[in-house]
$ cat model24.tsv   # TSV, C-alpha atoms
chain	number	residue	atom	x	y	z
A	179	MET	CA	-57.21	104.33	-108.13
A	180	ASN	CA	-58.36	106.06	-104.95
A	181	LYS	CA	-61.77	105.58	-103.41
A	182	GLU	CA	-63.04	108.96	-104.57
A	183	LYS	CA	-62.22	108.25	-108.22
A	184	THR	CA	-63.72	104.76	-107.97
A	185	ARG	CA	-66.89	106.25	-106.54
A	186	ALA	CA	-67.09	108.76	-109.40
A	187	LEU	CA	-66.72	105.98	-111.97
A	188	LEU	CA	-69.32	103.87	-110.20
A	189	GLY	CA	-71.67	106.85	-110.34
A	190	GLN	CA	-71.06	107.17	-114.09
A	191	LEU	CA	-71.76	103.46	-114.65
A	192	ILE	CA	-74.99	103.72	-112.65
A	193	GLN	CA	-76.06	106.66	-114.81
A	194	LEU	CA	-75.36	104.59	-117.93
A	195	GLN	CA	-77.36	101.71	-116.47
A	196	GLU	CA	-80.24	104.15	-115.99
A	197	MET	CA	-79.99	105.15	-119.66
A	198	PHE	CA	-80.35	101.47	-120.63
A	199	ASN	CA	-83.34	101.18	-118.29
A	200	ALA	CA	-84.89	104.25	-119.91
A	201	MET	CA	-84.47	102.66	-123.34
A	202	GLU	CA	-86.11	99.49	-122.05
A	203	ARG	CA	-89.08	101.62	-120.97
A	204	ASP	CA	-89.27	103.97	-123.96
A	205	GLY	CA	-88.18	101.67	-126.78
A	206	PHE	CA	-85.05	100.88	-128.69
A	207	SER	CA	-83.38	103.48	-130.88
A	208	TRP	CA	-80.00	103.61	-132.53
A	209	GLU	CA	-79.72	107.25	-131.45
A	210	THR	CA	-79.94	106.20	-127.77
A	211	VAL	CA	-77.45	103.40	-128.39
A	212	GLN	CA	-75.11	106.03	-129.81
A	213	ILE	CA	-75.55	108.28	-126.76
A	214	ILE	CA	-74.78	105.37	-124.41
A	215	LYS	CA	-71.77	104.41	-126.57
A	216	ASP	CA	-70.47	108.00	-126.43
A	217	ASN	CA	-70.63	108.01	-122.64
A	218	LEU	CA	-69.30	104.49	-122.22
A	219	ARG	CA	-66.37	105.28	-124.50
A	220	LEU	CA	-65.33	108.09	-122.15
A	221	VAL	CA	-65.80	106.01	-119.01
A	222	ILE	CA	-63.53	103.32	-120.52
A	223	MET	CA	-60.96	105.98	-121.44
A	224	ASP	CA	-61.02	107.22	-117.82
A	225	LEU	CA	-60.49	103.70	-116.52
A	226	GLU	CA	-57.64	103.06	-118.97
A	227	LYS	CA	-55.99	106.30	-117.90
A	228	SER	CA	-56.19	105.40	-114.23
A	229	LEU	CA	-54.61	102.00	-114.90
A	230	ASP	CA	-51.67	103.47	-116.89
B	402	MET	CA	-85.41	128.94	-100.86
B	403	LYS	CA	-85.43	129.14	-104.62
B	404	THR	CA	-82.31	127.78	-106.29
B	405	ILE	CA	-81.12	129.70	-109.32
B	406	GLU	CA	-79.53	127.34	-111.81
B	407	ALA	CA	-76.47	128.50	-113.71
B	408	PRO	CA	-77.23	129.16	-117.39
B	409	LYS	CA	-76.53	126.34	-119.83
B	410	LEU	CA	-74.18	126.75	-122.75
B	411	SER	CA	-76.29	128.53	-125.38
B	412	THR	CA	-75.96	128.18	-129.15
B	413	PRO	CA	-74.01	131.50	-129.39
B	414	GLY	CA	-71.81	130.14	-126.57
B	415	LYS	CA	-71.17	126.98	-128.59
B	416	ILE	CA	-70.40	129.06	-131.68
B	417	ASP	CA	-67.80	131.01	-129.64
B	418	LEU	CA	-66.37	127.77	-128.28
B	419	ALA	CA	-66.06	126.33	-131.81
B	420	ARG	CA	-64.36	129.53	-133.00
B	421	LEU	CA	-61.79	129.24	-130.20
B	422	ALA	CA	-61.07	125.58	-130.95
B	423	LEU	CA	-60.75	126.12	-134.71
B	424	ALA	CA	-58.40	129.06	-134.05
B	425	ASN	CA	-56.37	126.75	-131.78
B	426	ASP	CA	-56.80	129.26	-128.95
B	427	LEU	CA	-56.11	126.93	-126.04
B	428	PRO	CA	-56.22	129.54	-123.23
B	429	GLY	CA	-59.51	130.93	-124.55
B	430	LEU	CA	-60.99	127.46	-124.97
B	431	SER	CA	-59.91	126.35	-121.49
B	432	LYS	CA	-61.49	129.46	-119.99
B	433	ALA	CA	-64.73	129.00	-121.94
B	434	ILE	CA	-65.01	125.34	-120.86
B	435	ASP	CA	-64.17	126.26	-117.28
B	436	LEU	CA	-67.15	128.64	-117.28
B	437	ILE	CA	-69.63	125.94	-118.36
B	438	PRO	CA	-71.77	125.11	-115.32
B	439	GLY	CA	-72.17	121.57	-114.07
B	440	ASP	CA	-70.34	118.56	-112.70
B	441	PRO	CA	-67.58	117.27	-115.02
B	442	ALA	CA	-68.17	113.75	-113.65
B	443	LYS	CA	-71.87	113.62	-114.54
B	444	VAL	CA	-72.24	111.64	-117.76
B	445	ASN	CA	-74.18	112.91	-120.75
B	446	THR	CA	-73.87	116.58	-119.78
B	447	THR	CA	-72.25	119.47	-121.62
B	448	LYS	CA	-69.67	119.88	-118.86
B	449	TYR	CA	-68.76	116.18	-119.02
B	450	PHE	CA	-68.24	116.15	-122.78
B	451	ALA	CA	-66.55	119.55	-122.85
B	452	THR	CA	-64.03	118.53	-120.20
B	453	ARG	CA	-63.18	115.30	-122.07
B	454	PHE	CA	-62.97	117.18	-125.36
B	455	LEU	CA	-60.49	119.65	-123.82
B	456	GLU	CA	-58.33	116.83	-122.45
B	457	TRP	CA	-58.02	115.43	-126.00
B	458	PHE	CA	-57.58	118.86	-127.58
B	459	LEU	CA	-54.54	119.66	-125.40
B	460	ASP	CA	-52.17	117.52	-127.49
B	461	ARG	CA	-54.49	115.44	-129.69
B	462	SER	CA	-52.25	112.45	-129.16
B	463	GLY	CA	-54.72	110.17	-127.39
B	464	PRO	CA	-57.72	108.37	-128.82
B	465	VAL	CA	-60.51	110.63	-130.03
B	466	PRO	CA	-63.17	111.18	-127.35
B	467	PHE	CA	-66.10	110.68	-129.76
B	468	SER	CA	-66.61	108.05	-132.43
B	469	VAL	CA	-66.20	109.69	-135.84
B	470	PHE	CA	-69.28	108.04	-137.36
B	471	MET	CA	-72.52	107.63	-135.49
B	472	ALA	CA	-75.27	105.05	-135.71
B	473	GLN	CA	-78.74	106.22	-136.75
B	474	GLY	CA	-82.01	104.87	-138.11
B	475	ASN	CA	-85.00	102.78	-137.15
B	476	SER	CA	-84.25	99.48	-138.82
B	477	LYS	CA	-82.48	96.42	-137.48
B	478	LEU	CA	-79.15	97.57	-138.88
B	479	PRO	CA	-78.17	101.20	-138.41
B	480	PHE	CA	-77.07	103.76	-140.97
B	481	TYR	CA	-73.76	105.43	-140.37
B	482	ALA	CA	-73.68	109.20	-140.31
B	483	PHE	CA	-70.89	111.73	-140.61
B	484	SER	CA	-71.23	115.32	-139.47
B	485	SER	CA	-68.95	118.26	-138.92
B	486	LEU	CA	-69.74	121.76	-137.69
B	487	PRO	CA	-72.58	123.48	-139.55
B	488	GLY	CA	-71.70	126.94	-140.79
B	489	PHE	CA	-67.99	126.71	-140.06
B	490	ASP	CA	-67.71	123.90	-142.60
B	491	CYS	CA	-70.18	125.32	-145.11
B	492	PRO	CA	-68.25	127.64	-147.45
B	493	GLY	CA	-71.24	127.82	-149.79
B	494	ALA	CA	-73.83	128.69	-147.14
B	495	GLY	CA	-75.84	131.83	-147.73
B	496	ALA	CA	-79.38	132.57	-146.54
B	497	CYS	CA	-79.57	129.25	-144.73
B	498	LEU	CA	-76.81	130.46	-142.40
B	499	TYR	CA	-77.24	134.24	-142.38
B	500	GLY	CA	-80.95	134.74	-143.15
B	501	ASP	CA	-81.65	137.96	-145.03
B	502	ASN	CA	-78.71	139.64	-143.30
B	503	GLU	CA	-75.27	140.49	-144.62
B	504	TYR	CA	-72.83	137.57	-144.72
B	505	THR	CA	-70.77	138.81	-141.78
B	506	PRO	CA	-69.52	137.01	-138.64
B	507	ASP	CA	-72.06	138.96	-136.54
B	508	ASN	CA	-74.93	137.39	-138.48
B	509	PHE	CA	-73.52	133.86	-138.41
B	510	GLY	CA	-76.23	131.39	-137.39
B	511	LYS	CA	-79.16	133.79	-137.91
B	512	GLY	CA	-80.57	131.87	-140.89
B	513	TRP	CA	-82.88	128.85	-141.01
B	514	CYS	CA	-80.20	126.15	-140.82
B	515	TYR	CA	-81.71	123.52	-138.52
B	516	SER	CA	-78.38	121.79	-137.85
B	517	PHE	CA	-77.82	124.16	-134.92
B	518	LYS	CA	-80.90	122.66	-133.23
B	519	GLY	CA	-79.01	119.36	-133.01
B	520	TRP	CA	-76.57	121.04	-130.65
B	521	ARG	CA	-79.05	120.56	-127.80
B	522	TYR	CA	-77.44	117.10	-127.57
B	523	PRO	CA	-74.03	118.07	-126.22
B	524	ALA	CA	-72.24	115.01	-127.60
B	525	ALA	CA	-73.48	115.90	-131.11
B	526	PHE	CA	-71.87	119.34	-130.90
B	527	PHE	CA	-68.54	118.05	-129.58
B	528	ARG	CA	-68.44	115.21	-132.13
B	529	GLN	CA	-68.94	117.77	-134.92
B	530	LEU	CA	-66.22	119.97	-133.46
B	531	GLN	CA	-63.85	117.01	-133.16
B	532	ASN	CA	-64.60	115.93	-136.76
B	533	SER	CA	-64.09	119.47	-138.10
B	534	LEU	CA	-60.69	119.54	-136.43
B	535	LEU	CA	-59.78	116.07	-137.73
B	536	LEU	CA	-60.71	117.03	-141.29
B	537	ARG	CA	-58.35	119.98	-141.19
B	538	ASP	CA	-55.09	118.03	-141.06
B	539	GLN	CA	-53.64	114.98	-142.71
B	540	ALA	CA	-53.32	112.89	-139.54
B	541	GLY	CA	-56.95	113.58	-138.68
B	542	ARG	CA	-58.11	112.63	-142.17
B	543	ALA	CA	-56.09	109.40	-141.93
B	544	LEU	CA	-57.96	108.58	-138.72
B	545	ILE	CA	-61.32	109.28	-140.38
B	546	ALA	CA	-60.29	107.11	-143.35
B	547	SER	CA	-59.31	104.25	-141.07
B	548	GLN	CA	-62.70	104.37	-139.30
B	549	PHE	CA	-64.45	104.68	-142.68
B	550	HIS	CA	-62.82	101.44	-143.80
B	551	GLU	CA	-64.15	99.74	-140.67
B	552	ILE	CA	-67.77	100.34	-141.73
B	553	PRO	CA	-69.25	96.90	-142.52
B	554	ALA	CA	-69.71	96.04	-146.20
B	555	GLY	CA	-72.81	97.18	-148.00
B	556	ARG	CA	-73.91	99.73	-145.41
B	557	THR	CA	-75.20	103.24	-145.98
B	558	LEU	CA	-73.27	106.33	-144.94
B	559	ARG	CA	-75.07	109.66	-144.60
B	560	LEU	CA	-72.57	112.25	-145.82
B	561	TYR	CA	-72.99	114.93	-144.47
B	562	VAL	CA	-75.87	115.05	-141.98
B	563	ASP	CA	-74.58	118.40	-140.63
B	564	GLY	CA	-71.79	120.44	-142.15
B	565	ASP	CA	-70.57	120.32	-145.75
B	566	PHE	CA	-67.40	119.90	-147.80
B	567	ALA	CA	-65.29	122.70	-146.32
B	568	SER	CA	-62.37	122.75	-148.76
B	569	LEU	CA	-61.16	121.25	-152.03
B	570	GLU	CA	-58.83	118.97	-150.11
B	571	ILE	CA	-61.70	117.67	-147.99
B	572	LEU	CA	-64.01	117.18	-151.00
B	573	ARG	CA	-61.30	115.20	-152.79
B	574	PHE	CA	-60.65	113.19	-149.61
B	575	TRP	CA	-64.29	112.08	-149.39
B	576	MET	CA	-64.66	111.38	-153.10
B	577	ASP	CA	-61.48	109.25	-152.99
B	578	LEU	CA	-62.99	107.30	-150.09
B	579	CYS	CA	-66.22	106.82	-152.10
B	580	HIS	CA	-64.09	105.37	-154.92
B	581	ALA	CA	-62.28	103.10	-152.47
B	582	ARG	CA	-65.49	101.62	-151.07
B	583	PRO	CA	-67.98	101.22	-153.93
B	584	ASP	CA	-69.93	98.83	-151.67
B	585	ILE	CA	-70.83	101.71	-149.34
B	586	LYS	CA	-73.96	103.55	-150.33
B	587	ILE	CA	-73.51	107.26	-149.81
B	588	ALA	CA	-76.66	109.03	-148.72
B	589	GLY	CA	-77.99	112.47	-147.96
B	590	ARG	CA	-79.10	113.50	-144.48
B	591	ASP	CA	-82.44	111.72	-144.96
B	592	GLY	CA	-80.62	108.40	-145.30
B	593	VAL	CA	-81.69	107.56	-148.84
B	594	ALA	CA	-78.75	105.96	-150.58
B	595	GLY	CA	-77.15	107.06	-153.79
B	596	TYR	CA	-76.85	110.79	-153.42
B	597	GLY	CA	-75.97	113.72	-151.18
B	598	TYR	CA	-76.71	117.40	-150.92
B	599	SER	CA	-74.14	120.17	-150.94
B	600	LYS	CA	-73.88	123.91	-151.26
B	601	SER	CA	-70.11	123.85	-151.76
B	602	TRP	CA	-70.62	124.34	-155.51
B	603	GLU	CA	-67.37	126.15	-156.24
B	604	LEU	CA	-65.41	123.24	-154.79
B	605	PHE	CA	-67.24	120.72	-156.98
B	606	ILE	CA	-66.59	122.89	-160.06
B	607	GLU	CA	-62.92	123.28	-159.15
B	608	LEU	CA	-62.40	119.56	-158.58
B	609	ASP	CA	-64.15	118.77	-161.86
B	610	ARG	CA	-61.91	121.25	-163.70
B	611	SER	CA	-58.88	119.34	-162.45
B	612	GLY	CA	-60.13	116.36	-164.48
B	613	TYR	CA	-61.35	114.39	-161.47
B	614	THR	CA	-63.46	111.29	-162.18
B	615	TRP	CA	-66.47	111.27	-159.88
B	616	PRO	CA	-67.35	108.10	-157.96
B	617	ALA	CA	-70.47	106.26	-159.11
B	618	ASN	CA	-71.83	106.04	-155.56
B	619	TYR	CA	-72.18	109.82	-155.14
B	620	LEU	CA	-74.85	111.82	-156.97
B	621	LEU	CA	-75.10	115.49	-156.07
B	622	ASN	CA	-78.36	117.30	-155.43
B	623	VAL	CA	-77.81	121.04	-155.66
B	624	SER	CA	-79.71	122.48	-152.69
B	625	SER	CA	-81.07	125.96	-152.08
B	626	GLY	CA	-79.81	128.50	-149.54
B	627	SER	CA	-76.39	128.85	-151.15
B	628	ARG	CA	-74.40	132.07	-151.37
B	629	TYR	CA	-73.51	131.52	-155.02
B	630	GLY	CA	-75.12	133.09	-158.05
B	631	ASP	CA	-76.54	131.80	-161.33
B	632	GLU	CA	-73.14	131.35	-162.98
B	633	GLU	CA	-71.90	128.92	-160.31
B	634	LYS	CA	-75.26	127.17	-160.30
B	635	ARG	CA	-75.11	126.62	-164.08
B	636	GLY	CA	-71.57	125.32	-163.64
B	637	VAL	CA	-72.40	122.82	-160.93
B	638	LEU	CA	-75.56	121.63	-162.70
B	639	GLN	CA	-73.44	120.61	-165.70
B	640	LEU	CA	-71.15	118.31	-163.75
B	641	ASP	CA	-71.28	114.55	-164.32
B	642	CYS	CA	-71.82	113.99	-160.59
B	643	THR	CA	-74.88	116.26	-160.43
B	644	ARG	CA	-78.44	114.97	-160.66
B	645	GLY	CA	-80.14	118.37	-160.48
B	646	GLU	CA	-81.58	120.95	-158.14
B	647	PHE	CA	-83.39	120.30	-154.88
B	648	VAL	CA	-85.14	123.46	-153.72
B	649	ALA	CA	-87.55	124.71	-151.09
B	650	VAL	CA	-90.51	126.78	-152.29
B	651	PRO	CA	-93.07	128.75	-150.27
B	652	VAL	CA	-96.51	127.15	-149.85
B	653	ALA	CA	-99.66	128.01	-147.89
B	654	ARG	CA	-99.55	127.46	-144.14
B	655	LYS	CA	-102.49	125.00	-144.30
B	656	PHE	CA	-100.21	122.42	-145.95
B	657	ILE	CA	-97.62	122.74	-143.21
B	658	LYS	CA	-100.30	122.54	-140.51
B	659	ALA	CA	-101.80	119.40	-142.07
B	660	ARG	CA	-98.32	117.90	-142.58
B	661	SER	CA	-99.20	117.40	-146.24
B	662	TYR	CA	-95.49	117.56	-147.02
B	663	GLN	CA	-94.70	114.38	-145.08
B	664	ASP	CA	-96.18	111.64	-147.27
B	665	LYS	CA	-98.62	110.85	-150.06
B	666	ASP	CA	-101.23	109.59	-147.58
B	667	LYS	CA	-101.30	112.82	-145.54
B	668	PRO	CA	-104.28	115.20	-145.88
B	669	MET	CA	-104.14	117.52	-148.92
B	670	SER	CA	-100.95	115.85	-150.20
B	671	LYS	CA	-102.19	116.06	-153.82
B	672	GLU	CA	-103.07	119.75	-153.50
B	673	TYR	CA	-99.78	120.42	-151.74
B	674	ARG	CA	-97.80	118.82	-154.57
B	675	ALA	CA	-99.84	120.75	-157.14
B	676	ALA	CA	-99.00	123.98	-155.28
B	677	VAL	CA	-95.29	123.08	-155.24
B	678	LEU	CA	-95.33	122.34	-158.99
B	679	GLU	CA	-97.18	125.59	-159.70
B	680	LYS	CA	-94.55	127.53	-157.75
B	681	LEU	CA	-91.74	125.78	-159.65
B	682	LYS	CA	-93.44	126.69	-162.94
B	683	GLU	CA	-93.69	130.34	-161.84
B	684	MET	CA	-89.97	130.22	-161.02
B	685	GLY	CA	-89.21	129.07	-164.56
B	686	HIS	CA	-88.18	125.45	-163.91
B	687	LYS	CA	-88.95	123.43	-167.02
B	688	LYS	CA	-88.69	119.89	-165.64
B	689	ARG	CA	-90.41	119.72	-162.28
B	690	PHE	CA	-91.13	117.21	-159.54
B	691	ALA	CA	-92.81	117.78	-156.16
B	692	CYS	CA	-91.28	115.71	-153.38
B	693	PRO	CA	-94.15	113.93	-151.60
B	694	GLY	CA	-92.15	113.69	-148.37
B	695	ALA	CA	-91.45	110.08	-147.51
B	696	CYS	CA	-88.57	108.59	-149.44
B	697	GLY	CA	-88.76	105.29	-151.26
B	698	ASN	CA	-92.21	105.59	-152.84
B	699	CYS	CA	-91.95	108.89	-154.62
B	700	ILE	CA	-91.48	107.41	-158.09
B	701	ALA	CA	-92.13	104.02	-159.65
B	702	ARG	CA	-90.03	100.90	-159.06
B	703	LYS	CA	-89.32	101.99	-155.47
B	704	GLU	CA	-86.69	104.40	-156.75
B	705	HIS	CA	-85.86	107.67	-155.02
B	706	ALA	CA	-86.20	110.71	-157.23
B	707	CYS	CA	-83.17	112.40	-155.63
B	708	GLY	CA	-80.95	109.41	-156.34
B	709	SER	CA	-82.32	108.41	-159.73
B	710	GLU	CA	-80.41	108.76	-162.98
B	711	ARG	CA	-83.80	109.12	-164.69
B	712	MET	CA	-84.34	112.34	-162.76
B	713	ARG	CA	-81.24	114.09	-164.07
B	714	GLY	CA	-82.02	117.70	-164.92
B	715	VAL	CA	-85.34	117.65	-163.04
B	716	THR	CA	-85.84	120.22	-160.27
B	717	ILE	CA	-87.22	118.56	-157.16
B	718	ALA	CA	-88.93	120.76	-154.59
B	719	ILE	CA	-90.41	120.67	-151.13
B	720	GLY	CA	-92.74	123.29	-149.70
B	721	ILE	CA	-91.93	125.54	-146.78
B	722	HIS	CA	-93.99	128.28	-145.21
B	723	ASN	CA	-92.30	131.67	-145.09

$ encode --input "model24.tsv" --output "structure tokens"
Amino acid sequence: MNKEKTRALLGQLIQLQEMFNAMERDGFSWETVQIIKDNLRLVIMDLEKSLD
Amino acid sequence: MKTIEAPKLSTPGKIDLARLALANDLPGLSKAIDLIPGDPAKVNTTKYFATRFLEWFLDRSGPVPFSVFMAQGNSKLPFYAFSSLPGFDCPGAGACLYGDNEYTPDNFGKGWCYSFKGWRYPAAFFRQLQNSLLLRDQAGRALIASQFHEIPAGRTLRLYVDGDFASLEILRFWMDLCHARPDIKIAGRDGVAGYGYSKSWELFIELDRSGYTWPANYLLNVSSGSRYGDEEKRGVLQLDCTRGEFVAVPVARKFIKARSYQDKDKPMSKEYRAAVLEKLKEMGHKKRFACPGACGNCIARKEHACGSERMRGVTIAIGIHN
């Protein structure tokens, strides 16, 4: 994986971390968990693709 | 200097996008997704989800970009929810989808269906689109079935939250799954177990005619806003799987303003329910029940009227302001 792609993935993970932080502030909800899961699923798929 | 932001993908834009995907128009879909503003690498945006959806749509050989079922609810353990595209998957939709207009493609989405409002969450729209596509072929249904069987024992599945049974094949598919997992409680969009709502009446009648035995964990509430007439309604109300009608009736604005429709402890709840019952009487419903709003305490023994065998043949109503 080149540096540019790694940077993009890092950016995505930081955004997900921010979503967790927001839930910590605003309270737990299964809907937010689902949103984070949706995004995380795609980040993992991107990583898998780059490793193939 | 003032920066002018590119317009977001509107509901009509999403409707067009769904049309292109369902018609398998890959060039059109690629172009439409290309025109969506934004950074495809920025998570939780329309552009991000649309780009990933398109990558899957190209050959549909890879893993699905969105989980088929989604977690919902406020309790420790979540409900599971299944949705597909509203309107596109609602063959029985009438006024709810078209309003008072003619049932033509131009008027699609001009009714009061609130499922379209859920599209403001881009992942919700693309999950529905993905699920609608999966339901339309055997391989897709096999994938849904496999994820359905992964739902932990004893949980509740909201079927459907958005969308409806789009074809006889799809209705049979879901009812077979209900038979296969009697431990799963099937629920309507409000999450109360034991029943669902549908406007796909003709499909229920057709499946019943074929001699189909309905699963015990699905009880149908016949909801208003359908395109069908009295004959189909009589037909669907006679089915073994049907509890009865669930309708919306007009009430005074003061009840909506005071949120009297939300629960028994809300202001003017008693008067609101009396007004709903009066309206039902005017409409000629013999057995009547006014939904107090919150589920779980509407009738004795903590039963839910919509999912109760004792409420078979009773018309349940909520009030809306026209």

$ interface_residues --input "model24.tsv" --of "chain B" --to "chain A" --cutoff "6 Å" --atoms "only C-alpha atoms" --output "PyMOL selection string"
chain B and resi 444+472-473

$ atom_distance --input "model24.tsv" --atom1 "CA of Lys409 in chain B" --atom2 "CA of Gly439 in chain B"
8.7 Å

$ residues_near_point --input "model24.tsv" --point "(-71.6, 94.2, -146.1)" --cutoff "12 Å" --atoms "all atoms listed in the file" --output "NGL selection string"
:B and (478 or 550-557 or 582-586)

$ closest_residue --input "model24.tsv" --among "B:Asp490, B:Asp577, B:Asp609, B:Asp631" --to "Tyr561 in chain B" --atoms "only C-alpha atoms"
B:Asp490

$ atom_distance --input "model24.tsv" --atom1 "CA of Ala433 in chain B" --atom2 "CA of Leu418 in chain B"
6.7 Å

$ residues_around --input "model24.tsv" --residues "Asn532 in chain B" --least-positions-apart "2" --cutoff "9 Å" --atoms "all atoms listed in the file" --output "list in words"
Phe467, Val469, Phe483, Ser484, Ser485, Leu486, Phe527, Arg528, Gln529, Leu530, Leu534, Leu535, Leu536, Arg537, Gly541 and Ile545 of chain B

$ atom_distance --input "model24.tsv" --atom1 "CA of Lys688 in chain B" --atom2 "CA of His722 in chain B"
22.7 Å

$ closest_residue --input "model24.tsv" --among "B:Leu410, B:Ile416, B:Leu678, B:Met669" --to "Ile434 in chain B" --atoms "all atoms listed in the file"
B:Leu410

$ build_atoms --input "model24.tsv" --residues "range 539-562 of chain B" --atoms "N, CA and C atoms" --output "mmCIF file, keeping the file's coordinate frame"
data_model
loop_
_atom_site.group_PDB
_atom_site.id
_atom_site.type_symbol
_atom_site.label_atom_id
_atom_site.label_comp_id
_atom_site.auth_asym_id
_atom_site.auth_seq_id
_atom_site.Cartn_x
_atom_site.Cartn_y
_atom_site.Cartn_z
ATOM 1 N N GLN B 539 -53.834 116.268 -142.054
ATOM 2 C CA GLN B 539 -53.640 114.980 -142.710
ATOM 3 C C GLN B 539 -53.794 113.799 -141.729
ATOM 4 N N ALA B 540 -53.235 113.970 -140.525
ATOM 5 C CA ALA B 540 -53.320 112.890 -139.540
ATOM 6 C C ALA B 540 -54.776 112.637 -139.165
ATOM 7 N N GLY B 541 -55.536 113.710 -139.030
ATOM 8 C CA GLY B 541 -56.950 113.580 -138.680
ATOM 9 C C GLY B 541 -57.723 112.885 -139.794
ATOM 10 N N ARG B 542 -57.415 113.260 -141.038
ATOM 11 C CA ARG B 542 -58.110 112.630 -142.170
ATOM 12 C C ARG B 542 -57.749 111.147 -142.255
ATOM 13 N N ALA B 543 -56.500 110.817 -141.913
ATOM 14 C CA ALA B 543 -56.090 109.400 -141.930
ATOM 15 C C ALA B 543 -56.905 108.620 -140.897
ATOM 16 N N LEU B 544 -57.157 109.250 -139.758
ATOM 17 C CA LEU B 544 -57.960 108.580 -138.720
ATOM 18 C C LEU B 544 -59.401 108.374 -139.205
ATOM 19 N N ILE B 545 -59.950 109.411 -139.851
ATOM 20 C CA ILE B 545 -61.320 109.280 -140.380
ATOM 21 C C ILE B 545 -61.353 108.154 -141.422
ATOM 22 N N ALA B 546 -60.335 108.133 -142.304
ATOM 23 C CA ALA B 546 -60.290 107.110 -143.350
ATOM 24 C C ALA B 546 -60.234 105.716 -142.740
ATOM 25 N N SER B 547 -59.439 105.577 -141.686
ATOM 26 C CA SER B 547 -59.310 104.250 -141.070
ATOM 27 C C SER B 547 -60.655 103.807 -140.476
ATOM 28 N N GLN B 548 -61.387 104.743 -139.850
ATOM 29 C CA GLN B 548 -62.700 104.370 -139.300
ATOM 30 C C GLN B 548 -63.731 104.138 -140.416
ATOM 31 N N PHE B 549 -63.562 104.867 -141.518
ATOM 32 C CA PHE B 549 -64.450 104.680 -142.680
ATOM 33 C C PHE B 549 -64.302 103.251 -143.212
ATOM 34 N N HIS B 550 -63.059 102.776 -143.267
ATOM 35 C CA HIS B 550 -62.820 101.440 -143.800
ATOM 36 C C HIS B 550 -63.310 100.340 -142.857
ATOM 37 N N GLU B 551 -63.607 100.719 -141.616
ATOM 38 C CA GLU B 551 -64.150 99.740 -140.670
ATOM 39 C C GLU B 551 -65.675 99.590 -140.776
ATOM 40 N N ILE B 552 -66.312 100.450 -141.570
ATOM 41 C CA ILE B 552 -67.770 100.340 -141.730
ATOM 42 C C ILE B 552 -68.059 99.013 -142.441
ATOM 43 N N PRO B 553 -68.973 98.203 -141.891
ATOM 44 C CA PRO B 553 -69.250 96.900 -142.520
ATOM 45 C C PRO B 553 -69.695 97.038 -143.983
ATOM 46 N N ALA B 554 -69.418 96.012 -144.761
ATOM 47 C CA ALA B 554 -69.710 96.040 -146.200
ATOM 48 C C ALA B 554 -71.193 96.254 -146.479
ATOM 49 N N GLY B 555 -71.439 97.015 -147.523
ATOM 50 C CA GLY B 555 -72.810 97.180 -148.000
ATOM 51 C C GLY B 555 -73.677 98.145 -147.216
ATOM 52 N N ARG B 556 -73.104 98.824 -146.242
ATOM 53 C CA ARG B 556 -73.910 99.730 -145.410
ATOM 54 C C ARG B 556 -74.070 101.103 -146.071
ATOM 55 N N THR B 557 -74.934 101.889 -145.472
ATOM 56 C CA THR B 557 -75.200 103.240 -145.980
ATOM 57 C C THR B 557 -74.544 104.276 -145.077
ATOM 58 N N LEU B 558 -73.879 105.229 -145.697
ATOM 59 C CA LEU B 558 -73.270 106.330 -144.940
ATOM 60 C C LEU B 558 -73.948 107.642 -145.338
ATOM 61 N N ARG B 559 -74.477 108.339 -144.345
ATOM 62 C CA ARG B 559 -75.070 109.660 -144.600
ATOM 63 C C ARG B 559 -73.951 110.701 -144.564
ATOM 64 N N LEU B 560 -73.690 111.298 -145.692
ATOM 65 C CA LEU B 560 -72.570 112.250 -145.820
ATOM 66 C C LEU B 560 -73.062 113.539 -146.472
ATOM 67 N N TYR B 561 -73.068 114.655 -145.884
ATOM 68 C CA TYR B 561 -72.990 114.930 -144.470
ATOM 69 C C TYR B 561 -74.416 115.017 -143.916
ATOM 70 N N VAL B 562 -74.584 114.744 -142.596
ATOM 71 C CA VAL B 562 -75.870 115.050 -141.980
ATOM 72 C C VAL B 562 -75.853 116.534 -141.594
#
